[in-house]
file structure.txt (compact mmCIF, C-alpha atoms)
# COMPACT_ATOMS: atom_id res chain seq x y z
CA MET A 436 110.70 79.87 122.97
CA THR A 437 110.64 82.62 125.57
CA VAL A 438 107.30 83.31 127.21
CA GLY A 439 106.59 86.45 129.21
CA THR A 440 103.50 87.76 131.00
CA SER A 441 102.38 91.27 131.79
CA GLY A 442 99.52 93.24 133.35
CA PRO A 443 68.09 112.40 66.86
CA SER A 444 65.89 109.94 65.46
CA ASP A 445 62.16 109.40 64.96
CA ALA A 446 61.99 108.97 68.70
CA PHE A 447 62.64 112.65 69.33
CA PRO A 448 59.98 115.08 68.13
CA ALA A 449 61.82 118.35 67.44
CA PRO A 450 60.47 121.89 67.32
CA ALA A 451 59.92 123.38 63.88
CA SER A 452 62.88 125.72 64.27
CA ALA A 453 65.25 122.84 64.92
CA GLU A 454 65.89 122.00 61.28
CA GLY A 455 68.30 124.82 60.70
CA GLY A 456 69.91 124.57 64.14
CA ALA A 457 69.46 126.75 67.23
CA GLY A 458 71.02 130.18 67.40
CA VAL A 459 73.12 131.42 70.30
CA GLY A 460 71.73 134.16 72.52
CA PRO A 461 73.60 136.78 74.59
CA ASP A 462 73.94 134.37 77.46
CA GLY A 463 76.05 132.00 75.36
CA LEU A 464 73.36 129.32 75.38
CA PRO A 465 71.34 128.19 72.36
CA ASP A 466 68.16 130.18 71.83
CA GLY A 467 65.36 128.82 73.96
CA ILE A 468 67.65 127.19 76.53
CA GLY A 469 67.29 129.74 79.25
CA ALA A 470 68.29 133.39 79.41
CA GLY A 471 71.45 134.08 81.30
CA VAL A 472 72.67 132.70 84.60
CA GLY A 473 70.40 132.71 87.62
CA PRO A 474 71.32 133.33 91.28
CA ASP A 475 72.13 129.66 91.73
CA GLY A 476 75.00 129.93 89.29
CA LEU A 477 73.36 127.63 86.75
CA PRO A 478 71.95 128.59 83.36
CA ASP A 479 68.33 129.70 83.54
CA GLY A 480 66.10 126.73 82.83
CA ILE A 481 68.26 124.27 84.73
CA GLY A 482 66.23 125.17 87.79
CA ALA A 483 66.31 124.28 91.47
CA GLY A 484 65.02 120.90 92.47
CA VAL A 485 62.41 118.81 90.77
CA GLY A 486 59.88 121.60 90.33
CA PRO A 487 58.46 122.57 86.99
CA ASP A 488 61.80 121.98 85.35
CA GLY A 489 61.70 118.31 86.21
CA LEU A 490 65.35 118.02 87.29
CA PRO A 491 66.48 116.01 90.29
CA ASP A 492 66.83 117.71 93.64
CA GLY A 493 70.35 118.97 94.18
CA ILE A 494 70.76 120.52 90.72
CA GLY A 495 70.32 124.23 91.14
CA ILE A 496 70.70 124.51 94.91
CA GLY A 497 74.30 125.51 94.98
CA ILE A 498 75.66 122.47 93.14
CA ASP A 499 77.25 123.26 89.80
CA PRO A 500 76.83 120.35 87.32
CA ASP A 501 80.48 120.83 86.41
CA ASP A 502 81.38 119.80 89.97
CA LEU A 503 79.84 116.35 89.50
CA PRO A 504 82.38 113.52 89.00
CA ASP A 505 80.22 111.72 86.41
CA GLY A 506 78.97 113.00 83.10
CA LEU A 507 75.53 114.64 83.31
CA VAL A 508 73.42 115.26 80.21
CA VAL A 509 69.88 116.63 80.48
CA ALA A 510 67.44 116.88 77.56
CA ASP A 511 64.15 118.79 77.60
CA GLU A 512 60.71 117.61 76.53
CA HIS A 513 61.69 118.00 72.87
CA GLY A 514 64.80 115.85 73.21
CA ARG A 515 67.23 118.77 73.03
CA ILE A 516 70.15 119.04 75.40
CA ILE A 517 69.90 121.80 78.01
CA CYS A 518 72.71 120.66 80.31
CA PHE A 519 76.04 119.10 79.37
CA ASN A 520 78.55 119.22 82.21
CA ALA A 521 82.34 119.24 82.09
CA ALA A 522 82.65 115.50 82.90
CA ALA A 523 80.33 114.65 80.00
CA ALA A 524 82.46 116.80 77.69
CA ARG A 525 85.62 115.06 78.89
CA ILE A 526 84.22 111.53 78.55
CA THR A 527 82.63 112.08 75.13
CA ALA A 528 85.33 114.45 73.77
CA LEU A 529 82.47 116.77 72.70
CA PRO A 530 82.68 120.41 73.86
CA ALA A 531 79.63 121.56 75.79
CA HIS A 532 78.89 124.46 73.43
CA ARG A 533 78.57 122.00 70.56
CA ALA A 534 76.20 119.75 72.53
CA LEU A 535 73.81 122.33 73.99
CA GLY A 536 70.67 122.71 71.91
CA ARG A 537 71.33 119.61 69.78
CA PRO A 538 69.00 116.60 69.77
CA LEU A 539 70.10 114.05 72.33
CA ASP A 540 70.67 111.27 69.82
CA HIS A 541 72.79 113.54 67.60
CA ALA A 542 75.06 114.69 70.42
CA LEU A 543 75.24 111.18 71.93
CA PRO A 544 74.97 108.70 69.04
CA LEU A 545 75.22 105.71 71.34
CA GLU A 546 75.14 102.10 70.18
CA ASP A 547 74.84 98.90 72.17
CA LEU A 548 77.43 96.16 71.91
CA LYS A 549 75.45 94.58 69.04
CA GLY A 550 75.71 97.73 66.94
CA ARG A 551 72.08 98.86 67.41
CA ARG A 552 71.36 102.58 67.76
CA TRP A 553 70.47 103.09 71.38
CA TRP A 554 68.01 105.99 71.40
CA PRO A 555 65.60 104.61 68.78
CA LEU A 556 65.81 101.27 70.57
CA THR A 557 64.85 102.65 74.00
CA ASP A 558 62.54 105.44 72.68
CA PRO A 559 62.36 107.46 75.94
CA TYR A 560 59.79 109.98 74.64
CA GLY A 561 57.52 107.63 72.76
CA GLY A 562 57.87 104.38 74.68
CA LEU A 563 55.80 102.95 77.48
CA ALA A 564 54.44 105.64 79.81
CA THR A 565 55.29 103.51 82.84
CA ARG A 566 59.04 103.54 82.21
CA VAL A 567 61.11 105.54 84.63
CA GLY A 568 64.52 105.12 83.01
CA GLN A 569 67.21 102.73 81.87
CA PRO A 570 69.60 100.80 84.14
CA GLU A 571 73.34 101.22 83.74
CA ARG A 572 74.85 99.31 80.85
CA ASN A 573 77.84 99.30 78.53
CA LEU A 574 77.35 101.36 75.38
CA LEU A 575 79.64 102.57 72.62
CA LEU A 576 80.45 106.10 71.52
CA PRO A 577 81.61 106.83 67.95
CA GLY A 578 85.02 105.30 67.46
CA GLY A 579 84.17 102.31 69.66
CA ARG A 580 84.90 103.93 73.02
CA GLU A 581 82.99 102.10 75.75
CA VAL A 582 81.06 104.01 78.43
CA LEU A 583 78.61 103.16 81.20
CA VAL A 584 75.27 104.91 80.66
CA SER A 585 72.11 105.11 82.74
CA ALA A 586 69.04 107.29 82.19
CA ARG A 587 66.16 108.68 84.20
CA TYR A 588 62.86 109.76 82.65
CA VAL A 589 61.32 112.67 84.55
CA ARG A 590 57.56 113.16 84.30
CA GLN A 591 55.44 115.80 86.02
CA VAL A 592 52.78 113.19 86.74
CA PRO A 593 53.04 109.39 86.68
CA THR A 594 52.52 108.02 83.16
CA GLY A 595 52.54 111.57 81.82
CA PRO A 596 54.76 112.82 79.01
CA VAL A 597 58.49 112.90 79.59
CA ARG A 598 59.62 116.41 80.56
CA ARG A 599 63.30 115.65 81.01
CA VAL A 600 65.69 112.84 80.21
CA VAL A 601 68.60 112.82 82.66
CA VAL A 602 71.57 110.76 81.48
CA SER A 603 74.58 109.73 83.57
CA ILE A 604 77.80 108.77 81.79
CA ARG A 605 80.82 107.13 83.37
CA GLY A 606 84.06 105.78 82.06
CA THR A 607 84.78 102.06 82.25
CA GLU A 608 88.25 102.35 83.77
CA ALA A 609 87.20 101.10 87.22
CA ARG A 610 85.38 98.13 85.74
CA ARG A 611 88.35 97.35 83.52
CA ARG A 612 90.65 97.39 86.55
CA THR A 613 88.36 94.89 88.28
CA GLU A 614 88.33 92.67 85.21
CA ARG A 615 92.13 92.85 84.96
CA SER A 616 92.39 91.94 88.63
CA HIS A 617 90.21 88.87 88.08
CA ALA A 618 92.23 87.89 85.03
CA GLU A 619 95.46 88.34 86.97
CA LEU A 620 94.09 86.18 89.78
CA ILE A 621 93.27 83.38 87.35
CA ALA A 622 96.68 83.65 85.70
CA THR A 623 98.49 83.64 89.05
CA VAL A 624 96.64 80.62 90.38
CA ALA A 625 97.07 78.74 87.10
CA HIS A 626 100.81 79.47 87.17
CA GLU A 627 101.12 78.36 90.80
CA LEU A 628 99.14 75.18 90.13
CA ARG A 629 101.18 74.18 87.10
CA SER A 630 104.43 73.50 88.96
CA PRO A 631 103.13 71.13 91.67
CA LEU A 632 100.78 69.35 89.28
CA THR A 633 103.65 68.79 86.84
CA SER A 634 105.69 67.33 89.68
CA VAL A 635 102.85 65.09 90.86
CA LYS A 636 102.20 63.84 87.33
CA GLY A 637 105.89 63.20 86.68
CA PHE A 638 106.56 61.25 89.85
CA THR A 639 103.38 59.16 89.70
CA ALA A 640 103.98 58.29 86.03
CA THR A 641 107.57 57.31 86.83
CA LEU A 642 106.56 55.14 89.77
CA LEU A 643 103.81 53.40 87.80
CA ALA A 644 106.12 52.67 84.88
CA LYS A 645 109.24 51.66 86.77
CA TRP A 646 108.12 50.65 90.24
CA GLU A 647 110.42 47.63 90.52
CA ARG A 648 113.54 49.60 89.61
CA PHE A 649 113.43 51.87 92.67
CA THR A 650 114.50 51.13 96.21
CA ASP A 651 112.13 51.68 99.09
CA ASP A 652 113.96 54.87 100.07
CA GLN A 653 113.64 56.25 96.54
CA LYS A 654 109.96 55.41 96.46
CA ARG A 655 109.44 57.09 99.83
CA LEU A 656 111.21 60.24 98.67
CA MET A 657 109.10 60.46 95.54
CA LEU A 658 105.87 59.83 97.43
CA GLU A 659 106.78 62.46 100.04
CA THR A 660 107.37 64.94 97.22
CA VAL A 661 104.00 64.06 95.68
CA ASP A 662 102.34 64.49 99.08
CA ALA A 663 103.95 67.91 99.63
CA ASP A 664 102.95 69.10 96.17
CA ALA A 665 99.39 67.83 96.67
CA ASN A 666 99.23 69.84 99.90
CA ARG A 667 100.41 72.91 98.00
CA VAL A 668 97.65 72.46 95.42
CA THR A 669 95.10 72.08 98.21
CA ARG A 670 96.28 75.34 99.83
CA LEU A 671 96.07 77.21 96.52
CA ILE A 672 92.53 76.00 95.90
CA ALA A 673 91.56 76.96 99.46
CA GLU A 674 93.01 80.45 98.90
CA LEU A 675 91.02 80.82 95.70
CA LEU A 676 87.81 79.79 97.46
CA ASP A 677 88.53 82.17 100.34
CA ILE A 678 89.02 85.08 97.94
CA SER A 679 85.78 84.25 96.15
CA ARG A 680 83.88 84.22 99.45
CA ILE A 681 85.52 87.42 100.68
CA ASP A 682 84.78 89.29 97.45
CA SER A 683 81.16 88.15 97.44
CA GLY A 684 80.64 88.75 101.17
CA ARG A 685 79.89 85.06 101.79
CA LEU A 686 82.78 84.20 104.10
CA GLU A 687 81.18 82.20 106.91
CA VAL A 688 82.42 82.56 110.47
CA ARG A 689 81.59 79.64 112.77
CA ARG A 690 82.13 81.07 116.23
CA GLN A 691 83.43 78.94 119.09
CA PRO A 692 85.39 79.79 122.23
CA VAL A 693 89.02 80.27 121.13
CA ASP A 694 92.12 80.36 123.34
CA LEU A 695 94.37 82.70 121.39
CA ALA A 696 97.36 82.16 123.65
CA ALA A 697 97.15 78.38 123.16
CA ALA A 698 96.75 78.86 119.39
CA VAL A 699 99.90 80.99 119.27
CA GLY A 700 101.76 78.35 121.29
CA ARG A 701 100.78 75.60 118.84
CA HIS A 702 102.09 77.56 115.88
CA VAL A 703 105.38 78.32 117.60
CA GLN A 704 105.82 74.67 118.58
CA ALA A 705 105.22 73.64 114.97
CA TYR A 706 108.02 75.94 113.83
CA THR A 707 110.46 74.72 116.47
CA ALA A 708 109.60 71.11 115.62
CA GLY A 709 110.36 71.97 112.00
CA GLY A 710 113.88 73.10 112.83
CA GLN A 711 113.55 76.74 113.90
CA SER A 712 115.44 77.70 117.04
CA PRO A 713 113.17 78.14 120.09
CA ASP A 714 115.18 81.27 120.94
CA ARG A 715 113.88 82.95 117.80
CA PHE A 716 110.38 83.30 119.28
CA PHE A 717 109.31 85.44 122.20
CA VAL A 718 105.67 85.11 123.27
CA ARG A 719 104.16 87.64 125.68
CA VAL A 720 100.67 86.86 126.96
CA HIS A 721 98.92 89.41 129.17
CA HIS A 722 96.67 88.43 132.03
CA ASP A 723 92.88 88.86 132.09
CA LEU A 724 92.26 88.14 128.44
CA PRO A 725 88.52 88.31 127.67
CA GLU A 726 86.73 85.23 126.41
CA LEU A 727 86.89 85.20 122.61
CA TRP A 728 84.33 83.67 120.27
CA ALA A 729 85.73 83.19 116.78
CA ASP A 730 86.23 80.64 114.03
CA PRO A 731 89.24 78.60 115.27
CA ASP A 732 90.24 77.37 111.81
CA LYS A 733 90.24 80.86 110.33
CA ILE A 734 92.11 82.33 113.30
CA ASP A 735 94.72 79.60 112.84
CA GLN A 736 94.92 80.65 109.20
CA VAL A 737 95.55 84.28 110.21
CA LEU A 738 98.21 83.38 112.79
CA GLY A 739 99.90 80.93 110.43
CA ASN A 740 100.15 83.51 107.66
CA LEU A 741 101.50 86.29 109.88
CA LEU A 742 104.06 84.01 111.54
CA GLU A 743 105.14 82.58 108.18
CA ASN A 744 105.73 86.11 106.88
CA ALA A 745 107.76 87.02 109.96
CA VAL A 746 109.89 83.85 109.80
CA ARG A 747 110.40 83.81 106.04
CA HIS A 748 110.81 87.52 105.29
CA GLY A 749 112.01 88.88 108.64
CA ASP A 750 115.15 88.45 110.72
CA GLY A 751 116.04 88.20 114.38
CA THR A 752 113.52 87.51 117.12
CA VAL A 753 109.85 87.12 116.22
CA THR A 754 107.73 88.62 119.01
CA ILE A 755 104.10 87.64 119.45
CA GLU A 756 102.07 89.60 121.99
CA VAL A 757 98.52 88.75 123.04
CA ALA A 758 96.78 91.46 125.06
CA PRO A 759 93.27 92.62 125.98
CA THR A 760 91.96 95.71 124.24
CA SER A 761 88.92 97.94 124.31
CA GLY A 762 87.40 99.19 121.10
CA GLU A 763 84.65 101.66 120.38
CA ASN A 764 81.89 101.92 122.99
CA ASP A 765 84.21 100.11 125.40
CA GLU A 766 83.72 96.85 123.50
CA LYS A 767 86.18 94.32 124.85
CA GLY A 768 88.42 92.29 122.62
CA THR A 769 91.85 90.80 122.11
CA ALA A 770 94.79 92.20 120.18
CA VAL A 771 97.59 90.10 118.70
CA THR A 772 100.82 91.73 117.56
CA VAL A 773 103.44 89.92 115.47
CA SER A 774 106.74 91.73 114.85
CA ASP A 775 110.23 90.85 113.69
CA GLU A 776 113.64 92.49 113.44
CA GLY A 777 114.09 92.34 109.69
CA PRO A 778 114.30 95.18 107.17
CA GLY A 779 110.60 95.89 107.50
CA ILE A 780 108.18 97.13 104.86
CA PRO A 781 108.99 100.35 103.00
CA GLU A 782 106.77 103.26 104.00
CA GLU A 783 105.49 103.72 100.46
CA SER A 784 104.35 100.08 100.31
CA MET A 785 102.39 99.91 103.56
CA SER A 786 99.16 101.11 101.96
CA ARG A 787 99.31 98.17 99.51
CA VAL A 788 100.21 95.37 101.90
CA PHE A 789 96.65 94.03 102.17
CA THR A 790 95.88 94.22 98.45
CA ARG A 791 95.92 91.28 96.06
CA PHE A 792 99.23 90.11 94.67
CA TRP A 793 101.36 92.29 96.96
CA ARG A 794 104.69 90.61 97.63
CA GLY A 795 107.22 91.91 100.09
CA SER A 796 110.08 90.15 98.37
CA LYS A 797 110.85 88.00 95.34
CA ARG A 798 110.84 84.81 97.35
CA GLY A 799 107.75 83.31 95.76
CA GLY A 800 104.18 83.07 96.95
CA THR A 801 100.94 84.16 95.34
CA GLY A 802 100.69 87.50 97.12
CA LEU A 803 97.18 86.58 98.29
CA GLY A 804 97.84 85.64 101.92
CA LEU A 805 97.55 89.08 103.55
CA TYR A 806 94.51 89.93 101.43
CA ILE A 807 92.82 86.83 102.85
CA VAL A 808 94.01 87.64 106.37
CA LYS A 809 92.39 91.07 106.19
CA GLY A 810 89.16 89.56 104.88
CA ILE A 811 89.04 87.01 107.72
CA VAL A 812 89.74 89.57 110.43
CA GLU A 813 87.10 91.96 109.06
CA ALA A 814 84.58 89.12 108.77
CA HIS A 815 85.01 88.72 112.54
CA GLY A 816 84.32 92.44 113.04
CA GLY A 817 87.99 93.18 113.77
CA THR A 818 90.72 95.33 112.27
CA ILE A 819 94.29 94.75 111.15
CA THR A 820 97.12 97.24 110.67
CA VAL A 821 100.75 97.18 109.61
CA GLY A 822 103.62 99.33 110.79
CA ARG A 823 107.21 99.28 111.91
CA GLY A 824 108.06 97.26 115.01
CA PRO A 825 110.38 98.21 117.89
CA GLY A 826 113.15 96.14 116.30
CA GLY A 827 112.83 97.89 112.96
CA GLY A 828 111.02 95.07 111.20
CA ALA A 829 107.41 94.68 110.14
CA GLU A 830 104.71 94.73 112.79
CA PHE A 831 101.22 93.37 112.16
CA ARG A 832 98.50 93.95 114.75
CA PHE A 833 94.99 92.61 114.54
CA THR A 834 92.18 93.02 117.02
CA LEU A 835 89.13 90.84 117.45
CA PRO A 836 85.99 91.73 119.43
CA VAL A 837 84.74 89.25 122.00
CA GLY A 838 82.09 88.16 119.49
CA THR A 839 79.78 86.45 121.99
CA PRO A 840 76.83 84.90 120.12
CA ALA A 841 73.50 86.69 120.58
CA TYR A 842 71.88 83.74 122.31
CA LEU A 843 74.44 83.97 125.15
CA THR A 844 74.08 87.72 125.76

call {"tool": "encode", "arguments": {"input": "structure.txt", "output": "structure tokens"}}
result
Amino acid sequence: MTVGTSGPSDAFPAPASAEGGAGVGPDGLPDGIGAGVGPDGLPDGIGAGVGPDGLPDGIGIGIDPDDLPDGLVVADEHGRIICFNAAAARITALPAHRALGRPLDHALPLEDLKGRRWWPLTDPYGGLATRVGQPERNLLLPGGREVLVSARYVRQVPTGPVRRVVVSIRGTEARRRTERSHAELIATVAHELRSPLTSVKGFTATLLAKWERFTDDQKRLMLETVDADANRVTRLIAELLDISRIDSGRLEVRRQPVDLAAAVGRHVQAYTAGGQSPDRFFVRVHHDLPELWADPDKIDQVLGNLLENAVRHGDGTVTIEVAPTSGENDEKGTAVTVSDEGPGIPEESMSRVFTRFWRGSKRGGTGLGLYIVKGIVEAHGGTITVGRGPGGGAEFRFTLPVGTPAYLT
């Protein structure tokens, strides 16, 4: 190791003219839904703010409903639609001109996941006068398409009659992606657990059944294999717990004074003791490093993962640099850079390095290590980046603030 230093339903009362349908006026809107387009670029009757029209602030003050990313449907006091933006038309596959003027429950015949009609069930116009809306939930459009729907009941005075029902509609693609990610996590961990557990079960069953037939060396080899596989299972379970805590924001950081330079030295010594050449590592520690308060076990986890990636997937010399750094507002901290001389990470993959299941090669692993590393660094208030090192290989750099506990400041 080289070391260097450096400085429409019953729920919707409808007007008498509604039975035969609403006509279309010269402005292209159903009769009674405003006359033309006002100076705000919205159909008359959509209004500006929450005034007499009862719409939320922001609709009618230069914001076109068609510019909103989510579906927006607004019904008047009679339950007839007066606003149906482009996103709502896209999500429901119902053109806006066919929705405007129709009763809300006819244009949006929503059902809950038990098959119950949603509008009669919630009864926005005839229900409790204290209700202000409906929280977001999964509902079904005709044909079984699932959407996320929330509603707001707008009243001119508290407990007064509903003047507007404002409905937000979103697709479920983002939620489905999250669910698929969770399912993939479970499948990955189950797959990774199966191999070592099969090995442990096989060797222990063999030893119990035929103990006398094996020599001491054979027994030792089998027990060492069982021990290694048990350690692998323990690491996988620890990774799963870490991911759960990171995703839920419950990753605890137990801060103590940490000597980063000494921690790097321990990891390098472990690799050289395991058979790596000392010449493969070059450690550069700068002077005047600030005192660092961090969780020593988690920092060891970060260093171990980055060094393992550099040794396993990189080539040539692995360089580890520990240097002081100043962040925003001149906050002092420490930066650690780990680089190698291997092929590096393709430019198009760098944005995905810290996501779940990203693997830089086909040489095994769960693809969870760097995701956990990022979560640990950010839990300490630090940052981590990836790029191309001076030798052409991958370069990971993470920074940690001093992190002095409040009672010492």

call {"tool": "residues_near_point", "arguments": {"input": "structure.txt", "point": "(60.2, 106.4, 83.6)", "cutoff": "8 Å", "atoms": "all atoms listed in the file", "output": "list in words"}}
result
Ala564, Thr565, Arg566, Val567, Gly568, Arg587, Tyr588, Val589, Arg590, Thr594 and Val597 of chain A

call {"tool": "atom_distance", "arguments": {"input": "structure.txt", "atom1": "atom CA of A:Gly700", "atom2": "atom CA of A:Asn744"}}
result
16.8 Å

call {"tool": "closest_atom_pairs", "arguments": {"input": "structure.txt", "of": "stretch 688-767 of chain A", "to": "stretch 675-680 of chain A", "cutoff": "12 Å", "atoms": "only C-alpha atoms", "output": "CSV"}}
result
residue,atom,partner,partner_atom,distance
A:Val688,CA,A:Arg680,CA,11.2
A:Lys733,CA,A:Asp677,CA,10.2
A:Gln736,CA,A:Asp677,CA,11.0

call {"tool": "write_last_selection", "arguments": {"input": "structure.txt", "atoms": "C-alpha atoms", "output": "PDB file, keeping the file's coordinate frame"}}
result
ATOM      1  CA  VAL A 688      82.420  82.560 110.470  1.00  0.00           C
ATOM      2  CA  LYS A 733      90.240  80.860 110.330  1.00  0.00           C
ATOM      3  CA  GLN A 736      94.920  80.650 109.200  1.00  0.00           C
TER       4      GLN A 736
END

call {"tool": "closest_residue", "arguments": {"input": "structure.txt", "among": "A:Gly579, A:Pro692, A:Pro759, A:Asp735", "to": "A:Asp723", "atoms": "only C-alpha atoms"}}
result
A:Pro759

call {"tool": "atom_distance", "arguments": {"input": "structure.txt", "atom1": "atom CA of A:Ala829", "atom2": "atom CA of A:Glu782"}}
result
10.6 Å

call {"tool": "closest_residue", "arguments": {"input": "structure.txt", "among": "A:Asp547, A:Gly514, A:Val788, A:Glu674", "to": "A:Thr623", "atoms": "only C-alpha atoms"}}
result
A:Glu674

call {"tool": "closest_residue", "arguments": {"input": "structure.txt", "among": "A:Tyr842, A:Leu539, A:Arg648, A:Thr607", "to": "A:Glu571", "atoms": "all atoms listed in the file"}}
result
A:Thr607

call {"tool": "closest_residue", "arguments": {"input": "structure.txt", "among": "A:Gly838, A:Pro631, A:Gly777, A:Gly606", "to": "A:Pro504", "atoms": "all atoms listed in the file"}}
result
A:Gly606

call {"tool": "atom_distance", "arguments": {"input": "structure.txt", "atom1": "atom CA of A:Pro596", "atom2": "atom CA of A:Arg537"}}
result
20.1 Å

call {"tool": "residues_around", "arguments": {"input": "structure.txt", "residues": "A:Lys767", "least_positions_apart": "4", "cutoff": "12 Å", "atoms": "only C-alpha atoms", "output": "JSON, numbers by chain"}}
result
{"A": [723, 724, 725, 726, 727, 728, 758, 759, 760, 761, 762, 763, 817, 834, 835, 836, 837, 838, 839]}

call {"tool": "residues_near_point", "arguments": {"input": "structure.txt", "point": "(75.5, 121.7, 76.4)", "cutoff": "10 Å", "atoms": "only C-alpha atoms", "output": "NGL selection string"}}
result
:A and (464-465 or 468 or 507-510 or 515-521 or 523-524 or 529-537 or 542)

call {"tool": "closest_residue", "arguments": {"input": "structure.txt", "among": "A:Gly506, A:Pro538, A:Gly561, A:Gly550", "to": "A:Val601", "atoms": "all atoms listed in the file"}}
result
A:Gly506

call {"tool": "closest_residue", "arguments": {"input": "structure.txt", "among": "A:Thr752, A:Thr557, A:Gln704, A:Gln691", "to": "A:Ala729", "atoms": "all atoms listed in the file"}}
result
A:Gln691

call {"tool": "residues_around", "arguments": {"input": "structure.txt", "residues": "A:Val635", "least_positions_apart": "6", "cutoff": "9 Å", "atoms": "all atoms listed in the file", "output": "PyMOL selection string"}}
result
chain A and resi 658+660-662+664-665

call {"tool": "residues_around", "arguments": {"input": "structure.txt", "residues": "A:Arg552", "least_positions_apart": "6", "cutoff": "10 Å", "atoms": "all atoms listed in the file", "output": "list in words"}}
result
Ser444, Asp540, Pro544, Leu545, Glu546, Leu574 and Leu575 of chain A
